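*Asks:* First, the structure itself, so that you have it in front of you.
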Amino acid sequence: MVSKVKIKINDLYKIFGPKGESHVEKVKSGMGKPELLEKHSHVLGLQNINLDIIEGKIQVIMGLSGSGKSTLIRHINRLIEPTAGQIFIDDTDVLAMSDEELMNFRRFKASMVFQKFALLPHRTVLANTIYGLTMQGLEVKEAEERAAHWLKRVGLEGFEDRYPAQLSGGMQQRVGLARALATDADILLMDEAFSALDPLIRSDMQEILLELQEELHKTIVFITHDLDEALRIGDDIAILRDGRLVQQGSSQDIVLNPADDYVGDFIKDINRARVLTLGTLPLKKASTKGIALSNNTSLENAMKALVDAKKDSVIVVKGDKKLGSVSMHDIVHAATRSSETAGEAVTYR
Amino acid sequence: MSLIDWNKLTITEPPVLPRELLRNFKKGLDGTFRDFSRSYGEALEDFFNPLLMFLKWFQDLLVSTPWPIILLIIGGLSWVGSRSWKMSLGAILAFVAIGWMDMWEDTMATLAIVSVATLLCIAIGIPIGIWMSRSDRVQRIITPVLDVMQTIPSFVYLIPVVMLLGIGKVPGLLAVMIYASPPIIRLTNLGIRLVDAEVLEAADAFGSNYRQKLFQVQIPLALPNIFAGVNQTIMMSLSMVVIAAMIGVPGLGVPVLRAVSNQYLALGLMNGLAIVAIAIIFDRVSQAYGKRLQKHREGDHGV
């Protein structure tokens with residue numbers, strides 16, 4: 001399958017302040033965030049962002065608070081105007097859109113889910129869910145039918161007539177998700193959508209999202225500060241630090257080859273056995289002993305399979321092809337090796 | 001000519017304009033305004049004539065309506081507002097007592113002017129409040145105007161109003177409105193400005209235009225504040241009843257004025273208490289209604 005770029009971000013800069021444009025050159029020639037703030041009282045939001053987001057995939061953008069991830073996602077539907085750079089969606093220049101085109105783009109092509117749900121408190125669940133549809137110009141009756149379908153999909157059947165304040169946080173965010181899905185937009189922007197939920201509810205919501213994505217194949221941009229969440233749902237992960245992209249890649253890439261200490265600190269505490277797969281380990285020549293497992297098997301599952309089979313070596317296969325073998329010892333070693341930076345205490349703002 | 005009367009300047013007397021200059025200044029202002037009212041007073045009166053007709057018609061309507069029907073309407077409106085039998089019954093009893101104390105006609109006149117003033121304040125105040133909420137510049141200009149309207153002694157603006165329009169219902173109505181419209185303007189502005197930024201962002205993200213955002217998000221979310229403004233406006237127009245009576249507005253204020261000048265304690269007290277009773281009914285009913293409007297904000301997970 002040839003992957004198509006859905007959202008293309010080129011050389012994006014955002015400098016907050018009255019005269020942002022005049023400082024772009026300084027930032028390009030190396031002025032940092034603290035210096036810009038001190039000398040010119042402008043806040044550097046994003047710098048030199050280049051990101052291709054693939055159609056039908058979940059692109060996670062991760063970073064600590066203040067790293068610019070919420071700013072970045074708001075550039076995609078132009079809730080925030082960039083200071084410099086380009087954004088293309090399906091080869092259409094988002095920045096060249098007129099007000100009218102932008103409004104239609106937001107109505108039909110990109111919908112959004114918010115961290116604090118952003119529901120209308122005076123409207124029922126159903127009336128909230130049809131919001132985007134009525135903006136598209138749909139009749140209320142038809143909109144309600146479609147909205148009811150999506151409410152059912154997110155598990156809120158029977159709650160149509162409740163008000164948001166009567167629902168728990170998790171249920172409110174389901175309304176937010178149904179509202180965004182109902183518009184049938186190709187692009188779903190999720191700004192820390194699950195961050196305000198408690199862990200069990202959060203993993204429920206992640207599951208719902210992954211299930212829906214199996215069949216919908218939307219292009220999802222997902223913002224989070226939680227690496228476990230990023231690894232669980234992200235096809236691709238981009239890591240932001242102080243408004244700059246420090247690393248992009250698959251979850252395997254990031255766990256195996258952290259680009260710098262910042263990323264290293266991020267991945268320090270994650271469950272490597274769950275993220276890494278057999279295919280990522282250095283393989284020895286294929287032996288005939290041991291059980292055969294696919295190269296996509298996580299280390300965690302491989303260990304379990306070995307213990308269950310009372311064996312101590314795995315033959316890694318890809319389809320029918322034997323790739324090599326790996327011992328229990330190597331698997332455990334890879335799963336427990338913490339990164340070299342683990343011992344140092346590094347603090348980030 | 002010097003701008004300071006140097007002869008009068010001492011350590012205890014601050015610098016003061018020369019007497020003649022000051023007199024000329026006052027005379028000039030008076031003259032200008034008198035000329036203005038001579039040339040435009042009639043046109044203004046014509047302009048406000050429909051309002052006067054409406055006021056008269058409304059007051060006559062209230063006075064000529066049979067009292068049982070008025071009682072029914074009062075009880076009914078209280079019920080609609082508060083959904084409480086106690087409130088309705090209390091309102092009806094209060095009006096029965098007012099009638100029994102022979103204050104029915106004055107009360108109807110007061111109700112007429114207060115309701116018309118409130119409606120006009122809402123009709124003018126909410127759009128101004130919305131306009132104010134849209135632009136910091138407009139807010140910067142209007143806020144001090146509202147401050148003046150609320151704090152300047154009513155008698156001061158009664159002078160030009162009476163000079164322009166004479167004595168009667170319309171100038172009285174204007175005086176009431178000058179005093180009573182600031183809260184609705186202020187609270188509309190405040191309510192819209194307090195709407196959650198993330199909800200507004202969501203409205204933008206789904207492609208709402210200006211009107212959709214205003215009518216589907218901002219005004220509904222500002223409604224509790226707007227309603228508090230309506231309540232305040234009603235209360236403040238009731239409190240202006242006596243002052244309005246000074247320039248010829250019929251109603252409960254007239255006997256109060258008479259009581260003041262003749263030292264009739266009982267008359268003053270009775271009419272004053274009638275105003276209080278109306279105020280309490282309006283306040284409780286409108287507050288109960290406002291509370292019901294935002295019932296959805298309560299987080300009762302059950303049922």
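Scheme for the structure tokens: letters A, B, ... for chains in order shown; per-chain residue numbers from 1; ligand numbers from 1 in order shown.
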Using only C-alpha atoms, determine which residues of chain B fall within 12 Å of chain A; present them as a VMD selection string.

*Replies:* chain B and resid 195 to 213 216 to 224 292 to 303

*Asks:* Would you write out those residues with C-alpha atoms, as a PDB file, in the first residue's frame?

*Replies:*
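The file below, again_12.pdb, is the result:
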```
ATOM      1  CA  VAL B 195     -18.317  32.341  28.143  1.00  0.00           C
ATOM      2  CA  ASP B 196     -15.758  29.538  28.355  1.00  0.00           C
ATOM      3  CA  ALA B 197     -12.989  30.117  25.797  1.00  0.00           C
ATOM      4  CA  GLU B 198     -12.717  26.425  24.978  1.00  0.00           C
ATOM      5  CA  VAL B 199     -16.416  26.191  24.117  1.00  0.00           C
ATOM      6  CA  LEU B 200     -15.989  29.167  21.814  1.00  0.00           C
ATOM      7  CA  GLU B 201     -12.980  27.505  20.265  1.00  0.00           C
ATOM      8  CA  ALA B 202     -15.069  24.394  19.697  1.00  0.00           C
ATOM      9  CA  ALA B 203     -17.721  26.494  17.963  1.00  0.00           C
ATOM     10  CA  ASP B 204     -14.982  27.909  15.728  1.00  0.00           C
ATOM     11  CA  ALA B 205     -13.510  24.489  15.089  1.00  0.00           C
ATOM     12  CA  PHE B 206     -16.844  23.256  13.780  1.00  0.00           C
ATOM     13  CA  GLY B 207     -17.042  26.176  11.394  1.00  0.00           C
ATOM     14  CA  SER B 208     -19.616  28.401  13.111  1.00  0.00           C
ATOM     15  CA  ASN B 209     -20.018  31.853  11.672  1.00  0.00           C
ATOM     16  CA  TYR B 210     -20.462  35.024  13.686  1.00  0.00           C
ATOM     17  CA  ARG B 211     -24.234  34.752  14.058  1.00  0.00           C
ATOM     18  CA  GLN B 212     -24.240  31.061  14.852  1.00  0.00           C
ATOM     19  CA  LYS B 213     -21.672  31.614  17.541  1.00  0.00           C
ATOM     20  CA  GLN B 216     -26.209  29.302  19.652  1.00  0.00           C
ATOM     21  CA  VAL B 217     -23.312  29.617  22.043  1.00  0.00           C
ATOM     22  CA  GLN B 218     -22.636  33.023  23.533  1.00  0.00           C
ATOM     23  CA  ILE B 219     -26.122  34.300  24.334  1.00  0.00           C
ATOM     24  CA  PRO B 220     -27.439  30.982  25.691  1.00  0.00           C
ATOM     25  CA  LEU B 221     -24.379  30.610  27.902  1.00  0.00           C
ATOM     26  CA  ALA B 222     -24.614  34.234  29.022  1.00  0.00           C
ATOM     27  CA  LEU B 223     -28.317  33.911  29.806  1.00  0.00           C
ATOM     28  CA  PRO B 224     -27.985  33.490  33.587  1.00  0.00           C
ATOM     29  CA  ARG B 292     -34.914  27.210  36.489  1.00  0.00           C
ATOM     30  CA  LEU B 293     -33.235  28.403  33.286  1.00  0.00           C
ATOM     31  CA  GLN B 294     -29.940  26.954  34.435  1.00  0.00           C
ATOM     32  CA  LYS B 295     -31.191  23.794  36.008  1.00  0.00           C
ATOM     33  CA  HIS B 296     -29.158  21.846  33.464  1.00  0.00           C
ATOM     34  CA  ARG B 297     -25.995  23.065  35.158  1.00  0.00           C
ATOM     35  CA  GLU B 298     -26.665  20.995  38.219  1.00  0.00           C
ATOM     36  CA  GLY B 299     -24.813  17.740  38.084  1.00  0.00           C
ATOM     37  CA  ASP B 300     -27.414  15.264  39.252  1.00  0.00           C
ATOM     38  CA  HIS B 301     -26.131  12.035  37.794  1.00  0.00           C
ATOM     39  CA  GLY B 302     -29.263  10.136  38.708  1.00  0.00           C
ATOM     40  CA  VAL B 303     -32.584   9.683  36.899  1.00  0.00           C
TER      41      VAL B 303
END
```

*Asks:* Using only C-alpha atoms, which protein or nucleic acid residues come within 12 Å of Arg134 in chain B? Drop anything in the same chain fewer than 2 positions from it, and give the result as a list of chain:residue names.

*Replies:*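 Using only C-alpha atoms, the neighbours found are B:Pro127, B:Ile128, B:Gly129, B:Ile130, B:Trp131, B:Met132, B:Asp136, B:Arg137, B:Val138, B:Gln139, B:Arg140, B:Thr188, B:Asn189, B:Leu190, B:Gly191, B:Ile192, B:Arg193, B:Tyr210, B:Leu214, B:Gln218.
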
*Asks:* With N, CA, C and O atoms kept, could you save the residues just selected as a PDB file, in the first residue's frame?

*Replies:*
```pdb
ATOM      1  N   PRO B 127     -28.689  44.588  23.080  1.00  0.00           N
ATOM      2  CA  PRO B 127     -27.820  44.833  21.916  1.00  0.00           C
ATOM      3  C   PRO B 127     -26.577  45.661  22.262  1.00  0.00           C
ATOM      4  O   PRO B 127     -25.480  45.362  21.790  1.00  0.00           O
ATOM      5  N   ILE B 128     -26.754  46.671  23.128  1.00  0.00           N
ATOM      6  CA  ILE B 128     -25.567  47.462  23.502  1.00  0.00           C
ATOM      7  C   ILE B 128     -24.569  46.589  24.257  1.00  0.00           C
ATOM      8  O   ILE B 128     -23.358  46.640  24.023  1.00  0.00           O
ATOM      9  N   GLY B 129     -25.100  45.743  25.139  1.00  0.00           N
ATOM     10  CA  GLY B 129     -24.222  44.839  25.891  1.00  0.00           C
ATOM     11  C   GLY B 129     -23.453  43.911  24.960  1.00  0.00           C
ATOM     12  O   GLY B 129     -22.259  43.665  25.153  1.00  0.00           O
ATOM     13  N   ILE B 130     -24.147  43.407  23.938  1.00  0.00           N
ATOM     14  CA  ILE B 130     -23.485  42.512  22.987  1.00  0.00           C
ATOM     15  C   ILE B 130     -22.389  43.268  22.237  1.00  0.00           C
ATOM     16  O   ILE B 130     -21.261  42.789  22.091  1.00  0.00           O
ATOM     17  N   TRP B 131     -22.738  44.475  21.824  1.00  0.00           N
ATOM     18  CA  TRP B 131     -21.776  45.301  21.087  1.00  0.00           C
ATOM     19  C   TRP B 131     -20.533  45.545  21.945  1.00  0.00           C
ATOM     20  O   TRP B 131     -19.396  45.439  21.493  1.00  0.00           O
ATOM     21  N   MET B 132     -20.779  45.824  23.230  1.00  0.00           N
ATOM     22  CA  MET B 132     -19.682  46.072  24.159  1.00  0.00           C
ATOM     23  C   MET B 132     -18.779  44.857  24.319  1.00  0.00           C
ATOM     24  O   MET B 132     -17.565  44.972  24.457  1.00  0.00           O
ATOM     25  N   ASP B 136     -13.162  45.682  22.848  1.00  0.00           N
ATOM     26  CA  ASP B 136     -12.634  46.305  24.060  1.00  0.00           C
ATOM     27  C   ASP B 136     -12.742  47.816  23.984  1.00  0.00           C
ATOM     28  O   ASP B 136     -12.901  48.488  24.989  1.00  0.00           O
ATOM     29  N   ARG B 137     -12.646  48.330  22.755  1.00  0.00           N
ATOM     30  CA  ARG B 137     -12.699  49.771  22.605  1.00  0.00           C
ATOM     31  C   ARG B 137     -14.083  50.290  22.976  1.00  0.00           C
ATOM     32  O   ARG B 137     -14.210  51.265  23.719  1.00  0.00           O
ATOM     33  N   VAL B 138     -15.108  49.618  22.453  1.00  0.00           N
ATOM     34  CA  VAL B 138     -16.476  50.030  22.789  1.00  0.00           C
ATOM     35  C   VAL B 138     -16.675  49.930  24.296  1.00  0.00           C
ATOM     36  O   VAL B 138     -17.263  50.801  24.921  1.00  0.00           O
ATOM     37  N   GLN B 139     -16.152  48.857  24.888  1.00  0.00           N
ATOM     38  CA  GLN B 139     -16.303  48.696  26.333  1.00  0.00           C
ATOM     39  C   GLN B 139     -15.645  49.856  27.078  1.00  0.00           C
ATOM     40  O   GLN B 139     -16.210  50.389  28.023  1.00  0.00           O
ATOM     41  N   ARG B 140     -14.470  50.255  26.610  1.00  0.00           N
ATOM     42  CA  ARG B 140     -13.764  51.356  27.264  1.00  0.00           C
ATOM     43  C   ARG B 140     -14.552  52.649  27.192  1.00  0.00           C
ATOM     44  O   ARG B 140     -14.484  53.467  28.101  1.00  0.00           O
ATOM     45  N   THR B 188     -25.023  41.860  30.434  1.00  0.00           N
ATOM     46  CA  THR B 188     -24.971  41.197  29.129  1.00  0.00           C
ATOM     47  C   THR B 188     -23.527  41.120  28.646  1.00  0.00           C
ATOM     48  O   THR B 188     -23.032  40.070  28.224  1.00  0.00           O
ATOM     49  N   ASN B 189     -22.846  42.255  28.742  1.00  0.00           N
ATOM     50  CA  ASN B 189     -21.432  42.311  28.361  1.00  0.00           C
ATOM     51  C   ASN B 189     -20.611  41.303  29.151  1.00  0.00           C
ATOM     52  O   ASN B 189     -19.885  40.481  28.585  1.00  0.00           O
ATOM     53  N   LEU B 190     -20.794  41.333  30.474  1.00  0.00           N
ATOM     54  CA  LEU B 190     -20.032  40.432  31.334  1.00  0.00           C
ATOM     55  C   LEU B 190     -20.330  38.976  31.000  1.00  0.00           C
ATOM     56  O   LEU B 190     -19.423  38.154  30.848  1.00  0.00           O
ATOM     57  N   GLY B 191     -21.621  38.661  30.863  1.00  0.00           N
ATOM     58  CA  GLY B 191     -22.020  37.275  30.596  1.00  0.00           C
ATOM     59  C   GLY B 191     -21.374  36.746  29.332  1.00  0.00           C
ATOM     60  O   GLY B 191     -20.865  35.622  29.307  1.00  0.00           O
ATOM     61  N   ILE B 192     -21.365  37.552  28.289  1.00  0.00           N
ATOM     62  CA  ILE B 192     -20.787  37.081  27.028  1.00  0.00           C
ATOM     63  C   ILE B 192     -19.274  36.952  27.147  1.00  0.00           C
ATOM     64  O   ILE B 192     -18.669  36.008  26.658  1.00  0.00           O
ATOM     65  N   ARG B 193     -18.671  37.891  27.858  1.00  0.00           N
ATOM     66  CA  ARG B 193     -17.216  37.808  28.014  1.00  0.00           C
ATOM     67  C   ARG B 193     -16.800  36.617  28.872  1.00  0.00           C
ATOM     68  O   ARG B 193     -15.677  36.127  28.768  1.00  0.00           O
ATOM     69  N   TYR B 210     -20.250  34.042  12.631  1.00  0.00           N
ATOM     70  CA  TYR B 210     -20.462  35.024  13.686  1.00  0.00           C
ATOM     71  C   TYR B 210     -21.828  34.885  14.350  1.00  0.00           C
ATOM     72  O   TYR B 210     -21.957  34.811  15.560  1.00  0.00           O
ATOM     73  N   LEU B 214     -22.911  33.610  18.107  1.00  0.00           N
ATOM     74  CA  LEU B 214     -23.600  34.514  19.019  1.00  0.00           C
ATOM     75  C   LEU B 214     -24.889  33.893  19.551  1.00  0.00           C
ATOM     76  O   LEU B 214     -25.139  33.870  20.758  1.00  0.00           O
ATOM     77  N   GLN B 218     -22.934  31.964  22.577  1.00  0.00           N
ATOM     78  CA  GLN B 218     -22.636  33.023  23.533  1.00  0.00           C
ATOM     79  C   GLN B 218     -23.853  33.482  24.317  1.00  0.00           C
ATOM     80  O   GLN B 218     -23.828  33.527  25.544  1.00  0.00           O
TER      81      GLN B 218
END
```

*Asks:* Would you list the contacts of range 305-313 of chain A as a PyMOL selection string, taking every protein, DNA or RNA residue within 9 Å and counting only C-alpha atoms, but skipping same-chain residues closer than 5 positions in sequence?

*Replies:* chain A and resi 287+289-291+293+300+325-329
